[in-house]
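Structure below is model_8.txt: compact mmCIF, N, CA and C atoms.
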```txt
# COMPACT_ATOMS: atom_id res chain seq x y z
N MET A 28 33.83 -14.36 -55.58
CA MET A 28 33.18 -14.77 -56.81
C MET A 28 31.83 -15.42 -56.48
N THR A 29 30.89 -15.20 -57.35
CA THR A 29 29.57 -15.78 -57.16
C THR A 29 29.28 -16.80 -58.24
N LYS A 30 28.15 -17.46 -58.10
CA LYS A 30 27.76 -18.51 -59.04
C LYS A 30 27.57 -17.93 -60.45
N ILE A 31 28.08 -18.65 -61.44
CA ILE A 31 27.97 -18.22 -62.83
C ILE A 31 26.54 -18.47 -63.31
N PRO A 32 25.88 -17.46 -63.89
CA PRO A 32 24.54 -17.68 -64.42
C PRO A 32 24.55 -18.76 -65.52
N ARG A 33 23.44 -19.45 -65.65
CA ARG A 33 23.34 -20.60 -66.54
C ARG A 33 23.64 -20.25 -68.01
N ALA A 34 23.08 -19.19 -68.54
CA ALA A 34 23.28 -18.87 -69.96
C ALA A 34 24.75 -18.61 -70.30
N PRO A 35 25.46 -17.72 -69.57
CA PRO A 35 26.87 -17.53 -69.90
C PRO A 35 27.70 -18.80 -69.71
N LEU A 36 27.35 -19.59 -68.70
CA LEU A 36 28.10 -20.82 -68.47
C LEU A 36 27.92 -21.79 -69.63
N LEU A 37 26.68 -22.03 -70.04
CA LEU A 37 26.42 -22.98 -71.13
C LEU A 37 26.99 -22.49 -72.46
N LEU A 38 26.81 -21.21 -72.73
CA LEU A 38 27.36 -20.66 -73.99
C LEU A 38 28.88 -20.69 -73.97
N GLY A 39 29.47 -20.38 -72.82
CA GLY A 39 30.93 -20.44 -72.71
C GLY A 39 31.46 -21.85 -72.90
N LEU A 40 30.79 -22.82 -72.28
CA LEU A 40 31.22 -24.21 -72.44
C LEU A 40 31.04 -24.67 -73.88
N ALA A 41 29.97 -24.23 -74.53
CA ALA A 41 29.78 -24.57 -75.96
C ALA A 41 30.92 -23.99 -76.79
N GLY A 42 31.44 -22.84 -76.38
CA GLY A 42 32.56 -22.24 -77.09
C GLY A 42 33.84 -23.04 -76.99
N LEU A 43 33.90 -23.99 -76.08
CA LEU A 43 35.08 -24.87 -75.98
C LEU A 43 35.05 -25.98 -77.02
N ILE A 44 33.90 -26.23 -77.63
CA ILE A 44 33.76 -27.36 -78.55
C ILE A 44 34.82 -27.37 -79.66
N PRO A 45 35.07 -26.26 -80.36
CA PRO A 45 36.11 -26.32 -81.41
C PRO A 45 37.50 -26.65 -80.87
N PHE A 46 37.81 -26.20 -79.66
CA PHE A 46 39.11 -26.52 -79.07
C PHE A 46 39.18 -28.01 -78.72
N ILE A 47 38.13 -28.52 -78.12
CA ILE A 47 38.09 -29.93 -77.75
C ILE A 47 38.11 -30.81 -79.00
N TRP A 48 37.29 -30.44 -79.99
CA TRP A 48 37.23 -31.18 -81.25
C TRP A 48 38.62 -31.22 -81.90
N GLY A 49 39.29 -30.09 -81.94
CA GLY A 49 40.63 -30.04 -82.52
C GLY A 49 41.60 -30.96 -81.81
N ALA A 50 41.54 -30.97 -80.47
CA ALA A 50 42.43 -31.85 -79.70
C ALA A 50 42.10 -33.32 -79.96
N LEU A 51 40.83 -33.64 -79.98
CA LEU A 51 40.44 -35.04 -80.21
C LEU A 51 40.88 -35.52 -81.59
N THR A 52 40.74 -34.66 -82.59
CA THR A 52 41.11 -35.08 -83.95
C THR A 52 42.62 -35.17 -84.14
N LEU A 53 43.37 -34.62 -83.22
CA LEU A 53 44.83 -34.81 -83.25
C LEU A 53 45.22 -36.23 -82.87
N TYR A 54 44.43 -36.84 -82.01
CA TYR A 54 44.81 -38.11 -81.43
C TYR A 54 43.94 -39.29 -81.87
N ILE A 55 42.82 -39.02 -82.48
CA ILE A 55 41.91 -40.09 -82.91
C ILE A 55 41.77 -40.00 -84.43
N GLU A 56 42.57 -40.79 -85.13
CA GLU A 56 42.64 -40.72 -86.59
C GLU A 56 41.29 -40.90 -87.28
N PRO A 57 40.46 -41.87 -86.89
CA PRO A 57 39.16 -41.99 -87.56
C PRO A 57 38.28 -40.74 -87.40
N LEU A 58 38.40 -40.08 -86.26
CA LEU A 58 37.66 -38.84 -86.05
C LEU A 58 38.19 -37.74 -86.96
N ALA A 59 39.50 -37.67 -87.11
CA ALA A 59 40.12 -36.68 -88.00
C ALA A 59 39.70 -36.93 -89.45
N THR A 60 39.69 -38.19 -89.85
CA THR A 60 39.28 -38.54 -91.22
C THR A 60 37.83 -38.16 -91.46
N PHE A 61 36.97 -38.51 -90.50
CA PHE A 61 35.55 -38.15 -90.60
C PHE A 61 35.38 -36.62 -90.66
N GLY A 62 36.06 -35.92 -89.78
CA GLY A 62 35.94 -34.46 -89.74
C GLY A 62 36.40 -33.80 -91.01
N ALA A 63 37.54 -34.24 -91.52
CA ALA A 63 38.07 -33.65 -92.76
C ALA A 63 37.13 -33.92 -93.93
N ALA A 64 36.59 -35.14 -94.00
CA ALA A 64 35.69 -35.49 -95.11
C ALA A 64 34.35 -34.77 -94.98
N THR A 65 33.88 -34.58 -93.77
CA THR A 65 32.57 -33.98 -93.55
C THR A 65 32.60 -32.46 -93.54
N PHE A 66 33.58 -31.89 -92.84
CA PHE A 66 33.62 -30.44 -92.65
C PHE A 66 34.73 -29.75 -93.44
N GLY A 67 35.72 -30.49 -93.87
CA GLY A 67 36.88 -29.94 -94.56
C GLY A 67 38.10 -29.97 -93.67
N PRO A 68 39.29 -29.98 -94.27
CA PRO A 68 40.53 -30.14 -93.49
C PRO A 68 40.82 -28.98 -92.54
N ARG A 69 40.22 -27.83 -92.79
CA ARG A 69 40.45 -26.68 -91.91
C ARG A 69 39.75 -26.86 -90.55
N PHE A 70 38.84 -27.81 -90.48
CA PHE A 70 38.04 -27.98 -89.27
C PHE A 70 38.45 -29.18 -88.43
N VAL A 71 39.72 -29.58 -88.54
CA VAL A 71 40.25 -30.66 -87.70
C VAL A 71 41.62 -30.27 -87.18
N GLY A 72 42.07 -30.99 -86.17
CA GLY A 72 43.42 -30.80 -85.63
C GLY A 72 43.69 -29.39 -85.18
N PRO A 73 44.92 -28.97 -85.36
CA PRO A 73 45.29 -27.65 -84.87
C PRO A 73 44.64 -26.52 -85.67
N TYR A 74 44.23 -26.80 -86.89
CA TYR A 74 43.71 -25.74 -87.74
C TYR A 74 42.45 -25.12 -87.17
N VAL A 75 41.53 -25.94 -86.69
CA VAL A 75 40.30 -25.42 -86.11
C VAL A 75 40.60 -24.69 -84.80
N GLN A 76 41.52 -25.21 -84.03
CA GLN A 76 41.89 -24.56 -82.77
C GLN A 76 42.50 -23.18 -83.02
N LEU A 77 43.40 -23.11 -83.97
CA LEU A 77 44.13 -21.86 -84.19
C LEU A 77 43.24 -20.78 -84.79
N PHE A 78 42.44 -21.15 -85.76
CA PHE A 78 41.56 -20.15 -86.37
C PHE A 78 40.52 -19.69 -85.35
N TYR A 79 39.88 -20.62 -84.69
CA TYR A 79 38.85 -20.27 -83.72
C TYR A 79 39.45 -19.51 -82.53
N GLY A 80 40.64 -19.92 -82.11
CA GLY A 80 41.30 -19.23 -81.00
C GLY A 80 41.59 -17.77 -81.31
N ALA A 81 42.01 -17.49 -82.54
CA ALA A 81 42.23 -16.10 -82.94
C ALA A 81 40.92 -15.33 -82.95
N VAL A 82 39.86 -15.98 -83.41
CA VAL A 82 38.54 -15.34 -83.40
C VAL A 82 38.11 -15.03 -81.96
N ILE A 83 38.31 -15.97 -81.05
CA ILE A 83 37.89 -15.77 -79.67
C ILE A 83 38.71 -14.67 -78.99
N LEU A 84 40.01 -14.63 -79.22
CA LEU A 84 40.79 -13.53 -78.65
C LEU A 84 40.28 -12.18 -79.16
N SER A 85 39.93 -12.11 -80.43
CA SER A 85 39.38 -10.87 -80.98
C SER A 85 38.03 -10.55 -80.36
N PHE A 86 37.19 -11.56 -80.20
CA PHE A 86 35.89 -11.38 -79.55
C PHE A 86 36.08 -10.84 -78.13
N MET A 87 37.05 -11.40 -77.42
CA MET A 87 37.28 -10.96 -76.04
C MET A 87 37.78 -9.52 -75.98
N SER A 88 38.46 -9.08 -77.03
CA SER A 88 38.81 -7.65 -77.09
C SER A 88 37.55 -6.80 -77.06
N GLY A 89 36.55 -7.23 -77.82
CA GLY A 89 35.28 -6.50 -77.84
C GLY A 89 34.57 -6.53 -76.50
N VAL A 90 34.64 -7.66 -75.82
CA VAL A 90 34.02 -7.77 -74.49
C VAL A 90 34.69 -6.80 -73.53
N LEU A 91 36.01 -6.79 -73.54
CA LEU A 91 36.74 -5.88 -72.64
C LEU A 91 36.47 -4.42 -73.00
N TRP A 92 36.35 -4.12 -74.28
CA TRP A 92 36.00 -2.77 -74.72
C TRP A 92 34.66 -2.36 -74.11
N GLY A 93 33.72 -3.29 -74.14
CA GLY A 93 32.42 -3.02 -73.53
C GLY A 93 32.52 -2.72 -72.05
N PHE A 94 33.37 -3.46 -71.34
CA PHE A 94 33.57 -3.18 -69.92
C PHE A 94 34.19 -1.80 -69.72
N ALA A 95 35.08 -1.38 -70.62
CA ALA A 95 35.74 -0.08 -70.49
C ALA A 95 34.73 1.06 -70.59
N THR A 96 33.62 0.82 -71.26
CA THR A 96 32.61 1.88 -71.40
C THR A 96 31.94 2.20 -70.07
N LYS A 97 32.13 1.36 -69.06
CA LYS A 97 31.48 1.54 -67.78
C LYS A 97 32.27 2.46 -66.84
N THR A 98 33.35 3.03 -67.35
CA THR A 98 34.17 3.92 -66.52
C THR A 98 34.48 5.18 -67.32
N SER A 99 35.32 6.03 -66.78
CA SER A 99 35.64 7.29 -67.48
C SER A 99 37.06 7.71 -67.16
N GLY A 100 37.48 8.76 -67.85
CA GLY A 100 38.79 9.35 -67.59
C GLY A 100 39.94 8.44 -67.95
N ALA A 101 40.99 8.52 -67.12
CA ALA A 101 42.21 7.75 -67.37
C ALA A 101 41.95 6.24 -67.31
N GLN A 102 41.06 5.82 -66.42
CA GLN A 102 40.76 4.39 -66.32
C GLN A 102 40.08 3.90 -67.60
N ALA A 103 39.20 4.69 -68.16
CA ALA A 103 38.55 4.32 -69.42
C ALA A 103 39.59 4.26 -70.54
N ALA A 104 40.47 5.23 -70.60
CA ALA A 104 41.50 5.23 -71.64
C ALA A 104 42.37 3.99 -71.53
N ALA A 105 42.76 3.65 -70.30
CA ALA A 105 43.56 2.44 -70.09
C ALA A 105 42.75 1.20 -70.48
N GLY A 106 41.49 1.16 -70.09
CA GLY A 106 40.64 0.03 -70.43
C GLY A 106 40.49 -0.15 -71.93
N TYR A 107 40.27 0.95 -72.65
CA TYR A 107 40.16 0.85 -74.11
C TYR A 107 41.47 0.37 -74.72
N ALA A 108 42.59 0.91 -74.24
CA ALA A 108 43.89 0.50 -74.77
C ALA A 108 44.15 -0.98 -74.48
N PHE A 109 43.93 -1.40 -73.23
CA PHE A 109 44.15 -2.80 -72.87
C PHE A 109 43.23 -3.74 -73.65
N SER A 110 42.02 -3.27 -73.93
CA SER A 110 41.06 -4.14 -74.62
C SER A 110 41.49 -4.48 -76.03
N THR A 111 42.35 -3.70 -76.63
CA THR A 111 42.80 -3.99 -77.99
C THR A 111 43.90 -5.06 -78.03
N LEU A 112 44.52 -5.33 -76.90
CA LEU A 112 45.68 -6.22 -76.88
C LEU A 112 45.39 -7.66 -77.32
N PRO A 113 44.29 -8.29 -76.87
CA PRO A 113 44.06 -9.67 -77.32
C PRO A 113 43.91 -9.80 -78.84
N ALA A 114 43.20 -8.88 -79.46
CA ALA A 114 43.03 -8.95 -80.92
C ALA A 114 44.35 -8.70 -81.63
N LEU A 115 45.11 -7.73 -81.16
CA LEU A 115 46.41 -7.47 -81.77
C LEU A 115 47.35 -8.65 -81.59
N TRP A 116 47.31 -9.26 -80.43
CA TRP A 116 48.13 -10.45 -80.17
C TRP A 116 47.79 -11.55 -81.17
N ALA A 117 46.50 -11.81 -81.33
CA ALA A 117 46.07 -12.86 -82.27
C ALA A 117 46.54 -12.54 -83.68
N PHE A 118 46.43 -11.28 -84.08
CA PHE A 118 46.80 -10.89 -85.43
C PHE A 118 48.30 -11.04 -85.68
N PHE A 119 49.12 -10.57 -84.75
CA PHE A 119 50.56 -10.55 -84.97
C PHE A 119 51.29 -11.82 -84.57
N MET A 120 50.73 -12.61 -83.66
CA MET A 120 51.51 -13.68 -83.05
C MET A 120 51.11 -15.10 -83.47
N THR A 121 50.06 -15.27 -84.25
CA THR A 121 49.61 -16.64 -84.51
C THR A 121 49.97 -17.13 -85.91
N GLY A 122 50.95 -16.55 -86.53
CA GLY A 122 51.44 -17.09 -87.80
C GLY A 122 52.42 -18.22 -87.53
N GLY A 123 53.03 -18.69 -88.59
CA GLY A 123 54.00 -19.77 -88.43
C GLY A 123 53.33 -21.12 -88.40
N GLY A 124 54.05 -22.11 -87.97
CA GLY A 124 53.53 -23.46 -87.92
C GLY A 124 52.56 -23.67 -86.78
N PRO A 125 51.92 -24.83 -86.74
CA PRO A 125 50.89 -25.05 -85.73
C PRO A 125 51.40 -25.06 -84.29
N ILE A 126 52.60 -25.55 -84.07
CA ILE A 126 53.12 -25.59 -82.69
C ILE A 126 53.43 -24.18 -82.21
N SER A 127 54.10 -23.41 -83.05
CA SER A 127 54.41 -22.03 -82.70
C SER A 127 53.15 -21.21 -82.50
N ALA A 128 52.20 -21.32 -83.43
CA ALA A 128 50.96 -20.56 -83.33
C ALA A 128 50.16 -20.97 -82.10
N ALA A 129 50.09 -22.26 -81.81
CA ALA A 129 49.35 -22.72 -80.63
C ALA A 129 50.02 -22.23 -79.35
N THR A 130 51.35 -22.21 -79.33
CA THR A 130 52.07 -21.72 -78.16
C THR A 130 51.77 -20.25 -77.92
N TYR A 131 51.87 -19.45 -78.97
CA TYR A 131 51.58 -18.02 -78.82
C TYR A 131 50.11 -17.78 -78.48
N LEU A 132 49.24 -18.58 -79.04
CA LEU A 132 47.82 -18.45 -78.73
C LEU A 132 47.57 -18.77 -77.25
N ALA A 133 48.20 -19.83 -76.75
CA ALA A 133 48.06 -20.18 -75.33
C ALA A 133 48.56 -19.02 -74.45
N PHE A 134 49.69 -18.44 -74.81
CA PHE A 134 50.18 -17.28 -74.05
C PHE A 134 49.20 -16.11 -74.14
N GLY A 135 48.56 -15.97 -75.29
CA GLY A 135 47.55 -14.93 -75.45
C GLY A 135 46.39 -15.12 -74.48
N PHE A 136 45.97 -16.37 -74.29
CA PHE A 136 44.88 -16.64 -73.35
C PHE A 136 45.33 -16.45 -71.90
N VAL A 137 46.58 -16.73 -71.60
CA VAL A 137 47.10 -16.45 -70.26
C VAL A 137 47.10 -14.93 -70.03
N GLY A 138 47.57 -14.18 -71.02
CA GLY A 138 47.55 -12.72 -70.91
C GLY A 138 46.14 -12.18 -70.78
N LEU A 139 45.20 -12.78 -71.51
CA LEU A 139 43.81 -12.37 -71.42
C LEU A 139 43.29 -12.55 -69.99
N LEU A 140 43.70 -13.62 -69.33
CA LEU A 140 43.29 -13.81 -67.93
C LEU A 140 43.77 -12.65 -67.06
N GLY A 141 44.99 -12.18 -67.33
CA GLY A 141 45.49 -11.03 -66.59
C GLY A 141 44.64 -9.78 -66.83
N LEU A 142 44.25 -9.58 -68.07
CA LEU A 142 43.38 -8.44 -68.38
C LEU A 142 42.00 -8.62 -67.75
N ASP A 143 41.47 -9.84 -67.82
CA ASP A 143 40.18 -10.12 -67.18
C ASP A 143 40.24 -9.76 -65.69
N PHE A 144 41.34 -10.15 -65.05
CA PHE A 144 41.47 -9.87 -63.63
C PHE A 144 41.55 -8.38 -63.36
N ALA A 145 42.26 -7.63 -64.21
CA ALA A 145 42.34 -6.17 -64.03
C ALA A 145 40.95 -5.54 -64.14
N PHE A 146 40.20 -5.93 -65.16
CA PHE A 146 38.85 -5.37 -65.33
C PHE A 146 37.95 -5.78 -64.16
N TYR A 147 38.12 -7.00 -63.67
CA TYR A 147 37.37 -7.49 -62.52
C TYR A 147 37.70 -6.64 -61.28
N ARG A 148 38.99 -6.41 -61.06
CA ARG A 148 39.41 -5.63 -59.89
C ARG A 148 38.93 -4.18 -59.97
N TRP A 149 38.79 -3.67 -61.18
CA TRP A 149 38.27 -2.31 -61.36
C TRP A 149 36.76 -2.25 -61.16
N GLY A 150 36.13 -3.40 -60.94
CA GLY A 150 34.69 -3.43 -60.72
C GLY A 150 33.86 -3.27 -61.98
N LEU A 151 34.44 -3.60 -63.13
CA LEU A 151 33.75 -3.39 -64.41
C LEU A 151 33.05 -4.64 -64.93
N THR A 152 33.31 -5.78 -64.32
CA THR A 152 32.75 -7.06 -64.78
C THR A 152 31.67 -7.53 -63.82
N PRO A 153 30.88 -8.50 -64.25
CA PRO A 153 29.96 -9.11 -63.29
C PRO A 153 30.76 -9.83 -62.19
N PRO A 154 30.17 -10.03 -61.03
CA PRO A 154 30.92 -10.65 -59.93
C PRO A 154 31.38 -12.08 -60.22
N TRP A 155 30.72 -12.77 -61.11
CA TRP A 155 31.07 -14.16 -61.45
C TRP A 155 32.08 -14.26 -62.59
N TRP A 156 32.55 -13.15 -63.10
CA TRP A 156 33.39 -13.12 -64.30
C TRP A 156 34.64 -13.99 -64.20
N MET A 157 35.38 -13.85 -63.12
CA MET A 157 36.65 -14.58 -63.02
C MET A 157 36.43 -16.08 -62.90
N ALA A 158 35.36 -16.50 -62.26
CA ALA A 158 35.08 -17.94 -62.19
C ALA A 158 34.85 -18.49 -63.60
N LEU A 159 34.11 -17.77 -64.41
CA LEU A 159 33.86 -18.21 -65.79
C LEU A 159 35.14 -18.17 -66.61
N ARG A 160 35.88 -17.09 -66.50
CA ARG A 160 37.08 -16.93 -67.32
C ARG A 160 38.16 -17.95 -66.95
N LEU A 161 38.31 -18.26 -65.69
CA LEU A 161 39.29 -19.28 -65.28
C LEU A 161 38.91 -20.65 -65.85
N LEU A 162 37.64 -20.99 -65.77
CA LEU A 162 37.16 -22.26 -66.30
C LEU A 162 37.39 -22.35 -67.81
N LEU A 163 36.96 -21.33 -68.54
CA LEU A 163 37.06 -21.37 -70.00
C LEU A 163 38.50 -21.27 -70.48
N SER A 164 39.26 -20.34 -69.92
CA SER A 164 40.65 -20.20 -70.35
C SER A 164 41.46 -21.45 -70.01
N GLY A 165 41.17 -22.04 -68.86
CA GLY A 165 41.84 -23.29 -68.51
C GLY A 165 41.56 -24.38 -69.53
N GLY A 166 40.31 -24.49 -69.96
CA GLY A 166 39.95 -25.47 -70.98
C GLY A 166 40.64 -25.20 -72.30
N VAL A 167 40.68 -23.94 -72.71
CA VAL A 167 41.33 -23.58 -73.97
C VAL A 167 42.82 -23.90 -73.91
N ILE A 168 43.47 -23.51 -72.85
CA ILE A 168 44.92 -23.73 -72.72
C ILE A 168 45.24 -25.22 -72.68
N LEU A 169 44.43 -25.99 -72.00
CA LEU A 169 44.61 -27.44 -71.96
C LEU A 169 44.50 -28.04 -73.37
N CYS A 170 43.48 -27.63 -74.12
CA CYS A 170 43.30 -28.14 -75.48
C CYS A 170 44.44 -27.70 -76.41
N LEU A 171 44.89 -26.46 -76.27
CA LEU A 171 46.02 -26.01 -77.08
C LEU A 171 47.28 -26.79 -76.70
N GLY A 172 47.38 -27.18 -75.45
CA GLY A 172 48.51 -28.00 -75.01
C GLY A 172 48.58 -29.33 -75.77
N ALA A 173 47.42 -29.84 -76.18
CA ALA A 173 47.40 -31.07 -76.97
C ALA A 173 48.12 -30.87 -78.30
N THR A 174 48.04 -29.68 -78.85
CA THR A 174 48.76 -29.36 -80.08
C THR A 174 50.23 -29.06 -79.80
N ILE A 175 50.49 -28.30 -78.77
CA ILE A 175 51.86 -27.88 -78.46
C ILE A 175 52.74 -29.07 -78.10
N PHE A 176 52.22 -29.99 -77.32
CA PHE A 176 53.04 -31.09 -76.80
C PHE A 176 52.81 -32.42 -77.51
N ARG A 177 52.18 -32.39 -78.66
CA ARG A 177 51.92 -33.62 -79.40
C ARG A 177 53.20 -34.23 -79.88
```

For the file at hand, write its structure as structure tokens.
Amino acid sequence: MTKIPRAPLLLGLAGLIPFIWGALTLYIEPLATFGAATFGPRFVGPYVQLFYGAVILSFMSGVLWGFATKTSGAQAAAGYAFSTLPALWAFFMTGGGPISAATYLAFGFVGLLGLDFAFYRWGLTPPWWMALRLLLSGGVILCLGATIFR
């Protein structure tokens, strides 16, 4: 793995903000009150984490689809098929209550890491991809853990 370029690193870290914010508002009541009054109740606690997490899994499906375009034949077909899994997972598995949804979402991000690694091993990603994905997915899973184990 090589050094992560500045732009993807900063944008990726900025993408952790809704997960971190959601975790903080679970444990800091004045922050939750402020957030709900300022942004609305959907933007605090597990609600912001779950909605944004489903969006990010869907976004990552698109990223993986883009990587699949860099190959052909059976590998491309497998890449396209695998790339749909994170979005389908988010769609089918994140209903129910916040603990159940956060648990399934966390498993979705673990599964996404497996897909990231497959695309990396196929040589379809930038060389720094896994370093970025491990950092970001680790942050997401940690923040979702704040909801799961609250």

- Item | Distance of atom N of Gly141 of chain A from atom CA of Trp155 of chain A, expressed in Å to one decimal place |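 About the pair atom CA of Trp155 of chain A and atom N of Gly141 of chain A: they are 15.2 Å apart.
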
Produce the centre coordinates and the three edge lengths, each in Å to one decimal, of the box along x, y and z that contains all listed atoms of segment 109-125 of chain A with 8 Å added on each side, as lines of an AutoDock Vina configuration file.
```
center_x = 47.6
center_y = -13.2
center_z = -80.7
size_x = 29.0
size_y = 39.7
size_z = 31.7
```

- Message: When you count all atoms listed in the file, which of these residues is closest to Gly135 of chain A: A:Leu112, A:Leu151, A:Leu77, A:Ala105?
- Response: A:Leu112

- Which of these, A:Ile126, A:Ala95, A:Ile44, A:Leu115, has the shortest distance to Phe146 of chain A once you count all atoms listed in the file? A:Ala95

- Shortest contact to Ala117 of chain A, candidates A:Val71, A:Val82, A:Ala173, A:Leu159, atoms counted only N, CA and C atoms, goes to A:Val82

- Which parts of segment 38-72 of chain A does DSSP call alpha helix (DSSP H) when run on the backbone here, written out as a list in words? Leu38, Gly39, Leu40, Ala41, Ile44, Pro45, Phe46, Ile47, Trp48, Gly49, Ala50, Leu51, Thr52, Leu53, Tyr54, Glu56, Pro57, Leu58, Ala59, Thr60, Phe61, Gly62, Ala63, Ala64, Thr65, Phe66 and Gly72 of chain A

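Only residues having an atom at most 7 Å from (27.8, -4.9, -68.3) are included; using only C-alpha atoms, these are Phe94, Thr152 and Pro153 of chain A.
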
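Between atom N of Ile47 of chain A and atom CA of Tyr147 of chain A the interatomic distance comes to 26.2 Å.
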
- Task: Write out as a list of chain:residue names each polymer residue whose atoms come within 9 Å of segment 39-41 of chain A, counting only C-alpha atoms; drop sequence neighbours fewer than 5 positions from it.
- Result: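 So the residues in contact are A:Ala34, A:Leu159, A:Arg160, A:Leu162, A:Leu163, A:Gly166.
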
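For the pair atom N of Leu37 of chain A and atom C of Val167 of chain A, the interatomic distance is 16.7 Å.
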
If you count only C-alpha atoms, which residues fall within 10 Å of Ser110 of chain A, apart from same-chain ones fewer than 3 positions away, as a compact mmCIF listing (two decimals) with N, CA and C atoms, in the frame of the given file?
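As written to disk, part05.txt reads:
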```txt
# COMPACT_ATOMS: atom_id res chain seq x y z
N SER A 85 39.93 -12.11 -80.43
CA SER A 85 39.38 -10.87 -80.98
C SER A 85 38.03 -10.55 -80.36
N MET A 87 37.05 -11.40 -77.42
CA MET A 87 37.28 -10.96 -76.04
C MET A 87 37.78 -9.52 -75.98
N SER A 88 38.46 -9.08 -77.03
CA SER A 88 38.81 -7.65 -77.09
C SER A 88 37.55 -6.80 -77.06
N GLY A 89 36.55 -7.23 -77.82
CA GLY A 89 35.28 -6.50 -77.84
C GLY A 89 34.57 -6.53 -76.50
N VAL A 90 34.64 -7.66 -75.82
CA VAL A 90 34.02 -7.77 -74.49
C VAL A 90 34.69 -6.80 -73.53
N LEU A 91 36.01 -6.79 -73.54
CA LEU A 91 36.74 -5.88 -72.64
C LEU A 91 36.47 -4.42 -73.00
N TRP A 92 36.35 -4.12 -74.28
CA TRP A 92 36.00 -2.77 -74.72
C TRP A 92 34.66 -2.36 -74.11
N GLY A 93 33.72 -3.29 -74.14
CA GLY A 93 32.42 -3.02 -73.53
C GLY A 93 32.52 -2.72 -72.05
N PHE A 94 33.37 -3.46 -71.34
CA PHE A 94 33.57 -3.18 -69.92
C PHE A 94 34.19 -1.80 -69.72
N ALA A 95 35.08 -1.38 -70.62
CA ALA A 95 35.74 -0.08 -70.49
C ALA A 95 34.73 1.06 -70.59
N ALA A 104 40.47 5.23 -70.60
CA ALA A 104 41.50 5.23 -71.64
C ALA A 104 42.37 3.99 -71.53
N ALA A 105 42.76 3.65 -70.30
CA ALA A 105 43.56 2.44 -70.09
C ALA A 105 42.75 1.20 -70.48
N GLY A 106 41.49 1.16 -70.09
CA GLY A 106 40.64 0.03 -70.43
C GLY A 106 40.49 -0.15 -71.93
N TYR A 107 40.27 0.95 -72.65
CA TYR A 107 40.16 0.85 -74.11
C TYR A 107 41.47 0.37 -74.72
N PRO A 113 44.29 -8.29 -76.87
CA PRO A 113 44.06 -9.67 -77.32
C PRO A 113 43.91 -9.80 -78.84
N ALA A 114 43.20 -8.88 -79.46
CA ALA A 114 43.03 -8.95 -80.92
C ALA A 114 44.35 -8.70 -81.63
N LEU A 115 45.11 -7.73 -81.16
CA LEU A 115 46.41 -7.47 -81.77
C LEU A 115 47.35 -8.65 -81.59
N LEU A 139 45.20 -12.78 -71.51
CA LEU A 139 43.81 -12.37 -71.42
C LEU A 139 43.29 -12.55 -69.99
N LEU A 142 44.25 -9.58 -68.07
CA LEU A 142 43.38 -8.44 -68.38
C LEU A 142 42.00 -8.62 -67.75
N ASP A 143 41.47 -9.84 -67.82
CA ASP A 143 40.18 -10.12 -67.18
C ASP A 143 40.24 -9.76 -65.69
N PHE A 146 40.20 -5.93 -65.16
CA PHE A 146 38.85 -5.37 -65.33
C PHE A 146 37.95 -5.78 -64.16
```

- Query: Closest to Tyr131 of chain A among A:Trp116, A:Ala63, A:Arg33, A:Gly100, using only N, CA and C atoms?
  - Reply: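 Checking each candidate against Tyr131 of chain A, we get A:Trp116 as the closest.
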
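Taking all atoms listed in the file into account, Ala50 of chain A lies nearest to A:Thr174 out of the set A:Thr174, A:Ser127, A:Ser164, A:Gln102.
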
- Item | Spatial sel., origin (30.5, -16.5, -61.6), limit 6 Å, only N, CA and C atoms, listed as a VMD selection string | chain A and resid 28 to 32 154 to 159

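If you measure from each of A:Leu161, A:Ile175, A:Ala129, A:Cys170 to Gly49 of chain A using only C-alpha atoms, the closest one turns out to be A:Cys170.
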